[in-house]
>>> print(open('entry11.cif').read())   # mmCIF, C-alpha atoms; chains and numbers go by the auth columns
data_query
loop_
_atom_site.group_PDB
_atom_site.id
_atom_site.type_symbol
_atom_site.label_atom_id
_atom_site.label_comp_id
_atom_site.label_asym_id
_atom_site.label_seq_id
_atom_site.Cartn_x
_atom_site.Cartn_y
_atom_site.Cartn_z
_atom_site.B_iso_or_equiv
_atom_site.auth_seq_id
_atom_site.auth_asym_id
ATOM 1 C CA MET A 1 5.163 17.252 -11.574 0.00 27 A
ATOM 2 C CA PRO A 2 4.203 14.022 -9.755 0.00 28 A
ATOM 3 C CA THR A 3 5.782 10.849 -11.122 0.00 29 A
ATOM 4 C CA ILE A 4 3.793 7.684 -11.745 0.00 30 A
ATOM 5 C CA VAL A 5 5.746 4.720 -10.393 0.00 31 A
ATOM 6 C CA GLY A 6 4.765 1.181 -11.296 0.00 32 A
ATOM 7 C CA LEU A 7 5.913 -1.664 -9.056 0.00 33 A
ATOM 8 C CA ALA A 8 5.786 -5.069 -10.747 0.00 34 A
ATOM 9 C CA GLY A 9 6.033 -7.623 -7.962 0.00 35 A
ATOM 10 C CA SER A 10 6.782 -10.756 -9.956 0.00 36 A
ATOM 11 C CA PRO A 11 10.211 -12.405 -9.636 0.00 37 A
ATOM 12 C CA SER A 12 9.740 -14.031 -13.044 0.00 38 A
ATOM 13 C CA MET A 13 10.979 -12.669 -16.363 0.00 39 A
ATOM 14 C CA PRO A 14 9.081 -12.201 -18.627 0.00 40 A
ATOM 15 C CA SER A 15 5.969 -11.604 -16.550 0.00 41 A
ATOM 16 C CA ARG A 16 2.294 -10.985 -17.274 0.00 42 A
ATOM 17 C CA THR A 17 2.130 -8.867 -14.131 0.00 43 A
ATOM 18 C CA CYS A 18 4.951 -6.618 -15.314 0.00 44 A
ATOM 19 C CA GLY A 19 3.319 -6.167 -18.713 0.00 45 A
ATOM 20 C CA LEU A 20 0.008 -5.264 -17.067 0.00 46 A
ATOM 21 C CA VAL A 21 1.601 -2.712 -14.713 0.00 47 A
ATOM 22 C CA ARG A 22 3.487 -1.137 -17.610 0.00 48 A
ATOM 23 C CA THR A 23 0.301 -0.813 -19.656 0.00 49 A
ATOM 24 C CA VAL A 24 -1.588 0.775 -16.755 0.00 50 A
ATOM 25 C CA ILE A 25 1.024 3.436 -15.971 0.00 51 A
ATOM 26 C CA ASP A 26 1.326 4.244 -19.694 0.00 52 A
ATOM 27 C CA ARG A 27 -2.448 4.712 -19.965 0.00 53 A
ATOM 28 C CA ILE A 28 -2.471 7.033 -16.950 0.00 54 A
ATOM 29 C CA ALA A 29 0.482 8.994 -18.339 0.00 55 A
ATOM 30 C CA ALA A 30 -1.300 9.406 -21.678 0.00 56 A
ATOM 31 C CA LYS A 31 -4.204 11.096 -19.877 0.00 57 A
ATOM 32 C CA THR A 32 -2.116 13.284 -17.554 0.00 58 A
ATOM 33 C CA GLY A 33 1.238 13.904 -19.230 0.00 59 A
ATOM 34 C CA ALA A 34 3.055 12.737 -16.093 0.00 60 A
ATOM 35 C CA LYS A 35 6.408 10.969 -16.150 0.00 61 A
ATOM 36 C CA THR A 36 6.566 7.241 -15.465 0.00 62 A
ATOM 37 C CA ARG A 37 9.054 4.918 -13.783 0.00 63 A
ATOM 38 C CA LEU A 38 8.782 1.117 -13.693 0.00 64 A
ATOM 39 C CA VAL A 39 10.353 -0.848 -10.841 0.00 65 A
ATOM 40 C CA ASP A 40 10.566 -4.512 -11.869 0.00 66 A
ATOM 41 C CA LEU A 41 11.128 -6.954 -9.001 0.00 67 A
ATOM 42 C CA ALA A 42 12.604 -9.519 -11.406 0.00 68 A
ATOM 43 C CA GLU A 43 15.549 -7.191 -12.102 0.00 69 A
ATOM 44 C CA LEU A 44 16.199 -6.756 -8.372 0.00 70 A
ATOM 45 C CA VAL A 45 16.206 -10.425 -7.343 0.00 71 A
ATOM 46 C CA PRO A 46 20.039 -10.622 -7.176 0.00 72 A
ATOM 47 C CA ASP A 47 20.068 -7.592 -4.833 0.00 73 A
ATOM 48 C CA LEU A 48 17.432 -8.780 -2.358 0.00 74 A
ATOM 49 C CA GLY A 49 19.502 -11.254 -0.351 0.00 75 A
ATOM 50 C CA ILE A 50 20.086 -8.692 2.399 0.00 76 A
ATOM 51 C CA ARG A 51 18.994 -8.288 6.007 0.00 77 A
ATOM 52 C CA GLY A 52 18.223 -4.592 5.958 0.00 78 A
ATOM 53 C CA ARG A 53 18.240 -1.281 4.111 0.00 79 A
ATOM 54 C CA ALA A 54 21.797 -0.504 5.205 0.00 80 A
ATOM 55 C CA ASP A 55 23.055 -3.365 3.015 0.00 81 A
ATOM 56 C CA ALA A 56 21.181 -2.282 -0.131 0.00 82 A
ATOM 57 C CA SER A 57 23.098 -2.058 -3.388 0.00 83 A
ATOM 58 C CA PRO A 58 23.018 1.242 -5.351 0.00 84 A
ATOM 59 C CA ARG A 59 20.540 -0.277 -7.833 0.00 85 A
ATOM 60 C CA LEU A 60 18.210 -1.449 -5.065 0.00 86 A
ATOM 61 C CA GLU A 61 18.525 1.853 -3.190 0.00 87 A
ATOM 62 C CA GLU A 62 17.567 3.759 -6.350 0.00 88 A
ATOM 63 C CA ALA A 63 14.493 1.554 -6.814 0.00 89 A
ATOM 64 C CA LEU A 64 13.420 2.027 -3.185 0.00 90 A
ATOM 65 C CA ALA A 65 13.883 5.793 -3.455 0.00 91 A
ATOM 66 C CA ALA A 66 11.720 5.813 -6.605 0.00 92 A
ATOM 67 C CA ILE A 67 8.895 4.007 -4.776 0.00 93 A
ATOM 68 C CA GLU A 68 9.167 6.308 -1.765 0.00 94 A
ATOM 69 C CA GLY A 69 9.107 9.422 -3.956 0.00 95 A
ATOM 70 C CA ALA A 70 6.143 8.407 -6.119 0.00 96 A
ATOM 71 C CA GLY A 71 3.326 10.863 -6.691 0.00 97 A
ATOM 72 C CA LEU A 72 1.153 7.904 -7.683 0.00 98 A
ATOM 73 C CA LEU A 73 2.070 4.258 -7.117 0.00 99 A
ATOM 74 C CA ILE A 74 0.617 1.391 -9.151 0.00 100 A
ATOM 75 C CA VAL A 75 1.385 -1.970 -7.554 0.00 101 A
ATOM 76 C CA GLY A 76 0.887 -5.309 -9.252 0.00 102 A
ATOM 77 C CA ALA A 77 1.667 -8.701 -7.741 0.00 103 A
ATOM 78 C CA PRO A 78 1.113 -12.268 -8.890 0.00 104 A
ATOM 79 C CA VAL A 79 -0.580 -14.714 -6.548 0.00 105 A
ATOM 80 C CA TYR A 80 1.159 -17.971 -5.688 0.00 106 A
ATOM 81 C CA LYS A 81 -0.651 -20.450 -3.438 0.00 107 A
ATOM 82 C CA GLY A 82 -2.948 -17.841 -1.961 0.00 108 A
ATOM 83 C CA SER A 83 -0.505 -14.982 -1.417 0.00 109 A
ATOM 84 C CA TYR A 84 1.906 -12.559 -3.071 0.00 110 A
ATOM 85 C CA PRO A 85 5.582 -13.617 -3.483 0.00 111 A
ATOM 86 C CA GLY A 86 7.904 -13.500 -0.486 0.00 112 A
ATOM 87 C CA LEU A 87 10.486 -11.461 -2.431 0.00 113 A
ATOM 88 C CA PHE A 88 7.818 -8.822 -3.100 0.00 114 A
ATOM 89 C CA LYS A 89 7.123 -8.576 0.646 0.00 115 A
ATOM 90 C CA HIS A 90 10.842 -8.410 1.390 0.00 116 A
ATOM 91 C CA LEU A 91 11.144 -5.425 -0.967 0.00 117 A
ATOM 92 C CA ILE A 92 8.245 -3.687 0.765 0.00 118 A
ATOM 93 C CA ASP A 93 9.827 -4.404 4.154 0.00 119 A
ATOM 94 C CA LEU A 94 12.855 -2.340 3.101 0.00 120 A
ATOM 95 C CA LEU A 95 10.791 0.836 2.626 0.00 121 A
ATOM 96 C CA GLU A 96 10.920 3.545 5.276 0.00 122 A
ATOM 97 C CA TYR A 97 7.731 3.304 7.316 0.00 123 A
ATOM 98 C CA PRO A 98 6.266 6.831 6.845 0.00 124 A
ATOM 99 C CA CYS A 99 7.257 7.209 3.182 0.00 125 A
ATOM 100 C CA LEU A 100 3.852 6.455 1.599 0.00 126 A
ATOM 101 C CA VAL A 101 1.603 8.468 3.907 0.00 127 A
ATOM 102 C CA ARG A 102 -1.242 9.953 1.797 0.00 128 A
ATOM 103 C CA THR A 103 0.297 8.598 -1.436 0.00 129 A
ATOM 104 C CA PRO A 104 -2.396 7.331 -3.875 0.00 130 A
ATOM 105 C CA VAL A 105 -1.819 3.626 -4.573 0.00 131 A
ATOM 106 C CA GLY A 106 -3.581 1.516 -7.196 0.00 132 A
ATOM 107 C CA LEU A 107 -3.692 -2.223 -6.518 0.00 133 A
ATOM 108 C CA LEU A 108 -3.478 -5.005 -9.107 0.00 134 A
ATOM 109 C CA ALA A 109 -3.084 -8.766 -8.785 0.00 135 A
ATOM 110 C CA THR A 110 -2.824 -11.597 -11.283 0.00 136 A
ATOM 111 C CA GLY A 111 -3.258 -15.330 -10.877 0.00 137 A
ATOM 112 C CA GLY A 112 -4.204 -18.561 -12.534 0.00 138 A
ATOM 113 C CA SER A 113 -7.651 -18.792 -10.977 0.00 139 A
ATOM 114 C CA ASP A 114 -10.454 -16.547 -9.769 0.00 140 A
ATOM 115 C CA ARG A 115 -10.068 -18.225 -6.373 0.00 141 A
ATOM 116 C CA HIS A 116 -7.286 -15.677 -5.741 0.00 142 A
ATOM 117 C CA ALA A 117 -9.460 -12.650 -6.514 0.00 143 A
ATOM 118 C CA LEU A 118 -9.778 -11.460 -2.895 0.00 144 A
ATOM 119 C CA VAL A 119 -6.012 -11.070 -2.483 0.00 145 A
ATOM 120 C CA VAL A 120 -6.254 -7.410 -3.538 0.00 146 A
ATOM 121 C CA GLU A 121 -8.703 -6.668 -0.716 0.00 147 A
ATOM 122 C CA TYR A 122 -7.502 -8.915 2.093 0.00 148 A
ATOM 123 C CA GLN A 123 -3.720 -8.797 1.589 0.00 149 A
ATOM 124 C CA LEU A 124 -2.570 -5.925 -0.640 0.00 150 A
ATOM 125 C CA ARG A 125 -4.942 -3.268 0.704 0.00 151 A
ATOM 126 C CA PRO A 126 -4.109 -3.872 4.395 0.00 152 A
ATOM 127 C CA LEU A 127 -0.402 -3.981 3.528 0.00 153 A
ATOM 128 C CA PHE A 128 -0.397 -0.471 2.076 0.00 154 A
ATOM 129 C CA ALA A 129 -2.913 0.836 4.594 0.00 155 A
ATOM 130 C CA PHE A 130 -0.268 0.089 7.231 0.00 156 A
ATOM 131 C CA PHE A 131 1.997 2.637 5.512 0.00 157 A
ATOM 132 C CA GLY A 132 -0.774 5.248 5.620 0.00 158 A
ATOM 133 C CA ALA A 133 -1.189 5.172 1.826 0.00 159 A
ATOM 134 C CA LYS A 134 -4.404 6.275 0.136 0.00 160 A
ATOM 135 C CA THR A 135 -5.389 3.111 -1.716 0.00 161 A
ATOM 136 C CA LEU A 136 -7.718 3.714 -4.661 0.00 162 A
ATOM 137 C CA ALA A 137 -11.284 2.513 -4.160 0.00 163 A
ATOM 138 C CA THR A 138 -11.158 0.119 -7.103 0.00 164 A
ATOM 139 C CA ALA A 139 -8.652 -2.723 -6.919 0.00 165 A
ATOM 140 C CA VAL A 140 -8.400 -5.215 -9.774 0.00 166 A
ATOM 141 C CA PHE A 141 -7.634 -8.924 -9.974 0.00 167 A
ATOM 142 C CA VAL A 142 -6.962 -10.192 -13.501 0.00 168 A
ATOM 143 C CA PRO A 143 -6.715 -13.928 -14.320 0.00 169 A
ATOM 144 C CA ASP A 144 -3.682 -14.914 -16.362 0.00 170 A
ATOM 145 C CA LYS A 145 -5.873 -16.048 -19.261 0.00 171 A
ATOM 146 C CA ALA A 146 -7.320 -12.526 -19.562 0.00 172 A
ATOM 147 C CA ILE A 147 -3.919 -10.878 -20.184 0.00 173 A
ATOM 148 C CA HIS A 148 -2.430 -10.742 -23.680 0.00 174 A
ATOM 149 C CA ASN A 149 0.752 -8.734 -24.281 0.00 175 A
ATOM 150 C CA GLY A 150 0.026 -6.600 -21.237 0.00 176 A
ATOM 151 C CA TRP A 151 -3.541 -5.831 -22.275 0.00 177 A
ATOM 152 C CA VAL A 152 -6.706 -7.134 -20.598 0.00 178 A
ATOM 153 C CA VAL A 153 -8.931 -8.932 -23.092 0.00 179 A
ATOM 154 C CA ASP A 154 -11.711 -9.815 -20.637 0.00 180 A
ATOM 155 C CA GLU A 155 -14.496 -7.211 -20.792 0.00 181 A
ATOM 156 C CA PRO A 156 -15.551 -7.124 -17.096 0.00 182 A
ATOM 157 C CA CYS A 157 -11.902 -7.005 -15.933 0.00 183 A
ATOM 158 C CA GLY A 158 -11.175 -4.335 -18.517 0.00 184 A
ATOM 159 C CA ALA A 159 -14.066 -2.224 -17.218 0.00 185 A
ATOM 160 C CA ARG A 160 -12.776 -2.430 -13.643 0.00 186 A
ATOM 161 C CA LEU A 161 -9.286 -1.563 -14.830 0.00 187 A
ATOM 162 C CA SER A 162 -10.603 1.496 -16.675 0.00 188 A
ATOM 163 C CA GLN A 163 -12.395 2.581 -13.495 0.00 189 A
ATOM 164 C CA MET A 164 -9.180 2.268 -11.487 0.00 190 A
ATOM 165 C CA ILE A 165 -7.300 4.279 -14.119 0.00 191 A
ATOM 166 C CA ALA A 166 -9.963 7.012 -13.966 0.00 192 A
ATOM 167 C CA GLU A 167 -9.545 7.191 -10.187 0.00 193 A
ATOM 168 C CA ALA A 168 -5.772 7.413 -10.578 0.00 194 A
ATOM 169 C CA VAL A 169 -6.088 10.238 -13.105 0.00 195 A
ATOM 170 C CA HIS A 170 -8.388 12.093 -10.708 0.00 196 A
ATOM 171 C CA GLU A 171 -5.840 11.774 -7.890 0.00 197 A
ATOM 172 C CA LEU A 172 -3.007 13.084 -10.068 0.00 198 A
ATOM 173 C CA LYS A 173 -5.057 16.073 -11.197 0.00 199 A
ATOM 174 C CA ALA A 174 -5.942 16.820 -7.568 0.00 200 A
ATOM 175 C CA LEU A 175 -2.245 16.721 -6.664 0.00 201 A
ATOM 176 C CA ARG A 176 -1.462 19.222 -9.399 0.00 202 A
ATOM 177 C CA ALA A 177 -4.274 21.569 -8.407 0.00 203 A
ATOM 178 C CA GLY A 178 -3.589 21.513 -4.667 0.00 204 A
ATOM 179 C CA PRO A 179 -0.568 22.480 -2.564 0.00 205 A
ATOM 180 C CA PRO A 180 2.426 20.119 -2.604 0.00 206 A
ATOM 181 C CA ARG A 181 1.916 17.116 -0.334 0.00 207 A
ATOM 182 C CA ARG A 182 4.297 17.233 2.624 0.00 208 A
ATOM 183 C CA ARG A 183 6.366 14.089 2.707 0.00 209 A
ATOM 184 C CA VAL A 184 6.829 12.275 6.003 0.00 210 A
ATOM 185 C CA ARG A 185 10.329 10.869 6.259 0.00 211 A
ATOM 186 C CA ALA A 186 12.240 8.840 8.785 0.00 212 A
ATOM 187 C CA GLY A 187 13.197 10.932 11.808 0.00 213 A
ATOM 188 C CA LEU A 188 10.048 13.080 11.587 0.00 214 A
ATOM 189 C CA PRO A 189 7.059 12.612 13.909 0.00 215 A
ATOM 190 C CA ASP A 190 5.266 9.317 13.346 0.00 216 A
ATOM 191 C CA PRO A 191 1.780 10.079 11.901 0.00 217 A
ATOM 192 C CA TRP A 192 0.383 7.206 13.958 0.00 218 A
ATOM 193 C CA GLY A 193 2.403 8.037 17.071 0.00 219 A
ATOM 194 C CA GLY A 194 -0.552 9.333 19.032 0.00 220 A
ATOM 195 C CA ARG A 195 -2.484 6.125 18.438 0.00 221 A
ATOM 196 C CA ARG A 196 0.467 4.007 19.480 0.00 222 A
ATOM 197 C CA ARG A 197 0.927 6.009 22.677 0.00 223 A
ATOM 198 C CA CYS A 198 -2.727 5.457 23.479 0.00 224 A
ATOM 199 C CA GLU A 199 -2.327 1.721 22.943 0.00 225 A
ATOM 200 C CA ARG A 200 0.605 1.718 25.387 0.00 226 A
ATOM 201 C CA GLY A 201 -1.263 3.864 27.900 0.00 227 A
ATOM 202 C CA GLU A 202 1.185 6.771 27.529 0.00 228 A
ATOM 203 C CA ALA A 203 -1.187 9.491 26.336 0.00 229 A
ATOM 204 C CA SER A 204 -2.243 12.360 28.584 0.00 230 A
ATOM 205 C CA HIS A 205 -5.414 12.204 30.644 0.00 231 A
ATOM 206 C CA GLY A 206 -8.584 12.852 28.705 0.00 232 A
ATOM 207 C CA LYS A 207 -11.755 14.606 29.854 0.00 233 A
ATOM 208 C CA SER A 208 -12.823 11.503 31.735 0.00 234 A
ATOM 209 C CA GLY A 209 -9.744 11.754 33.958 0.00 235 A
ATOM 210 C CA PHE A 210 -8.480 8.326 32.943 0.00 236 A
ATOM 211 C CA ARG A 211 -5.284 7.626 31.012 0.00 237 A
ATOM 212 C CA HIS A 212 -6.102 6.504 27.454 0.00 238 A
ATOM 213 C CA GLY A 213 -5.108 2.929 26.773 0.00 239 A
ATOM 214 C CA SER A 214 -4.853 1.899 30.427 0.00 240 A
ATOM 215 C CA PRO A 215 -7.495 -0.369 31.963 0.00 241 A
ATOM 216 C CA ARG A 216 -10.140 1.414 33.991 0.00 242 A
ATOM 217 C CA ARG A 217 -10.298 0.138 37.555 0.00 243 A
ATOM 218 C CA LEU A 218 -13.760 -0.305 38.971 0.00 244 A
ATOM 219 C CA LYS A 219 -14.312 0.563 42.615 0.00 245 A
ATOM 220 C CA ARG A 220 -15.833 -2.222 44.694 0.00 246 A
ATOM 221 C CA PRO A 221 -18.985 -1.123 46.532 0.00 247 A
ATOM 222 C CA ARG A 222 -18.926 -1.114 50.314 0.00 248 A
ATOM 223 C CA ASP A 223 -21.530 -3.865 50.479 0.00 249 A
ATOM 224 C CA GLY A 224 -19.016 -6.306 48.915 0.00 250 A
ATOM 225 C CA ARG A 225 -20.932 -6.892 45.682 0.00 251 A
ATOM 226 C CA ALA A 226 -19.054 -7.200 42.342 0.00 252 A
ATOM 227 C CA PRO A 227 -18.612 -3.853 40.584 0.00 253 A
ATOM 228 C CA SER A 228 -20.898 -3.044 37.637 0.00 254 A
ATOM 229 C CA PRO A 229 -19.523 -2.036 34.244 0.00 255 A
ATOM 230 C CA PRO A 230 -19.754 1.658 33.317 0.00 256 A
ATOM 231 C CA GLY A 231 -23.205 2.673 32.100 0.00 257 A
ATOM 232 C CA THR A 232 -24.999 -0.144 33.961 0.00 258 A
ATOM 233 C CA PRO A 233 -28.064 1.192 35.804 0.00 259 A
#
>>> encode(input="entry11.cif", output="structure tokens")
Amino acid sequence: MPTIVGLAGSPSMPSRTCGLVRTVIDRIAAKTGAKTRLVDLAELVPDLGIRGRADASPRLEEALAAIEGAGLLIVGAPVYKGSYPGLFKHLIDLLEYPCLVRTPVGLLATGGSDRHALVVEYQLRPLFAFFGAKTLATAVFVPDKAIHNGWVVDEPCGARLSQMIAEAVHELKALRAGPPRRRVRAGLPDPWGGRRRCERGEASHGKSGFRHGSPRRLKRPRDGRAPSPPGTP
């Protein structure tokens, strides 16, 4: 059975973000019967002063393995001065690159002002898209004043949160009904490898006869005029 993993990305303790993430994964579990696991960044702060995964403590390694093995990942991060915390990004940097391919990920952010509302779309969504994750369509920013004991008391924010939870429940039910999702681990073929080879000009020749990713050289006409771009009459 897929496990719901919540990642609370606040280094503070106690934290509104952690309470919100806990509430969300509990609500999803109540609708699906799935197991839950909460990874709290605040508990890992003493273990994050490392340069790489090879130096991870057993506690940090267990937390990273839980994130990488999630059937559904709910990520919440507070916003400080226009961005998520550096320690949160450092934790994400320690994940194996292909580990979240096709994993459903719900995105949450909290902050003191609505000026930070676009962080979920312009920072968190691209971050997890890089890992090949399947980010849920609805991402939610909740102002600090709208959170009370982990619950959202603002009606419009609560409606968006309920929509995100419904999407998460749908993804979990689809995982149960379908074949097991094949995990991509380190050492296996990179799911984006073909694209990278094209960007480096290393892919095989296509139908046009030109190597993908390499600049196309234009032949100079015999009359000495500048060459015309392809498709120019």
>>> closest_residue(input="entry11.cif", among="A:Ala203, A:Leu64, A:Leu70, A:Val195", to="Pro84 of chain A", atoms="all atoms listed in the file")
A:Leu70
>>> residues_around(input="entry11.cif", residues="Val71 of chain A", least_positions_apart="2", cutoff="10 Å", atoms="all atoms listed in the file", output="ChimeraX atom specification")
/A:36-38,66-69,73-75,86,113-114,117
>>> write_last_selection(input="entry11.cif", atoms="C-alpha atoms", output="mmCIF file, in the coordinates of the input")
data_model
loop_
_atom_site.group_PDB
_atom_site.id
_atom_site.type_symbol
_atom_site.label_atom_id
_atom_site.label_comp_id
_atom_site.auth_asym_id
_atom_site.auth_seq_id
_atom_site.Cartn_x
_atom_site.Cartn_y
_atom_site.Cartn_z
ATOM 1 C CA SER A 36 6.782 -10.756 -9.956
ATOM 2 C CA PRO A 37 10.211 -12.405 -9.636
ATOM 3 C CA SER A 38 9.740 -14.031 -13.044
ATOM 4 C CA ASP A 66 10.566 -4.512 -11.869
ATOM 5 C CA LEU A 67 11.128 -6.954 -9.001
ATOM 6 C CA ALA A 68 12.604 -9.519 -11.406
ATOM 7 C CA GLU A 69 15.549 -7.191 -12.102
ATOM 8 C CA ASP A 73 20.068 -7.592 -4.833
ATOM 9 C CA LEU A 74 17.432 -8.780 -2.358
ATOM 10 C CA GLY A 75 19.502 -11.254 -0.351
ATOM 11 C CA LEU A 86 18.210 -1.449 -5.065
ATOM 12 C CA LEU A 113 10.486 -11.461 -2.431
ATOM 13 C CA PHE A 114 7.818 -8.822 -3.100
ATOM 14 C CA LEU A 117 11.144 -5.425 -0.967
#
>>> atom_distance(input="entry11.cif", atom1="atom CA of Met39 of chain A", atom2="atom CA of Gln149 of chain A")
23.5 Å
>>> residues_around(input="entry11.cif", residues="Ile173 of chain A", least_positions_apart="6", cutoff="8 Å", atoms="only C-alpha atoms", output="list in words")
Arg42, Leu46, Val179 and Asp180 of chain A
>>> residues_around(input="entry11.cif", residues="Arg53 of chain A", least_positions_apart="2", cutoff="12 Å", atoms="all atoms listed in the file", output="list of chain:residue names")
A:Ile30, A:Gly32, A:Leu46, A:Val47, A:Arg48, A:Thr49, A:Val50, A:Ile51, A:Ala55, A:Ala56, A:Lys57, A:Thr58, A:Gly59, A:Ala60, A:Lys61, A:Thr62, A:Ile100, A:Gly176, A:Trp177, A:Leu187, A:Ser188, A:Met190, A:Ile191, A:Ala192, A:Ala194, A:Val195
>>> atom_distance(input="entry11.cif", atom1="atom CA of Val101 of chain A", atom2="atom CA of Leu201 of chain A")
19.1 Å
>>> closest_residue(input="entry11.cif", among="A:Cys44, A:Ala103, A:Leu121, A:Leu133", to="Gly78 of chain A", atoms="all atoms listed in the file")
A:Leu121
>>> closest_residue(input="entry11.cif", among="A:Ser83, A:Thr43, A:Val131, A:Ile54", to="Ala172 of chain A", atoms="all atoms listed in the file")
A:Thr43
>>> closest_residue(input="entry11.cif", among="A:Val178, A:Ala155, A:Ile76, A:Leu99", to="Thr136 of chain A", atoms="all atoms listed in the file")
A:Val178
>>> residues_around(input="entry11.cif", residues="Leu153 of chain A", least_positions_apart="6", cutoff="12 Å", atoms="all atoms listed in the file", output="JSON, numbers by chain")
{"A": [101, 110, 114, 115, 118, 119, 123, 126, 131, 133, 145, 146, 147, 159, 160, 161]}
>>> write_last_selection(input="entry11.cif", atoms="C-alpha atoms", output="PDB file, in the coordinates of the input")
ATOM      1  CA  VAL A 101       1.385  -1.970  -7.554  1.00  0.00           C
ATOM      2  CA  TYR A 110       1.906 -12.559  -3.071  1.00  0.00           C
ATOM      3  CA  PHE A 114       7.818  -8.822  -3.100  1.00  0.00           C
ATOM      4  CA  LYS A 115       7.123  -8.576   0.646  1.00  0.00           C
ATOM      5  CA  ILE A 118       8.245  -3.687   0.765  1.00  0.00           C
ATOM      6  CA  ASP A 119       9.827  -4.404   4.154  1.00  0.00           C
ATOM      7  CA  TYR A 123       7.731   3.304   7.316  1.00  0.00           C
ATOM      8  CA  LEU A 126       3.852   6.455   1.599  1.00  0.00           C
ATOM      9  CA  VAL A 131      -1.819   3.626  -4.573  1.00  0.00           C
ATOM     10  CA  LEU A 133      -3.692  -2.223  -6.518  1.00  0.00           C
ATOM     11  CA  VAL A 145      -6.012 -11.070  -2.483  1.00  0.00           C
ATOM     12  CA  VAL A 146      -6.254  -7.410  -3.538  1.00  0.00           C
ATOM     13  CA  GLU A 147      -8.703  -6.668  -0.716  1.00  0.00           C
ATOM     14  CA  ALA A 159      -1.189   5.172   1.826  1.00  0.00           C
ATOM     15  CA  LYS A 160      -4.404   6.275   0.136  1.00  0.00           C
ATOM     16  CA  THR A 161      -5.389   3.111  -1.716  1.00  0.00           C
TER      17      THR A 161
END
>>> atom_distance(input="entry11.cif", atom1="atom CA of Ala89 of chain A", atom2="atom CA of Val65 of chain A")
6.3 Å
>>> closest_residue(input="entry11.cif", among="A:Arg79, A:Pro40, A:Leu162, A:Ala135", to="Leu120 of chain A", atoms="only C-alpha atoms")
A:Arg79
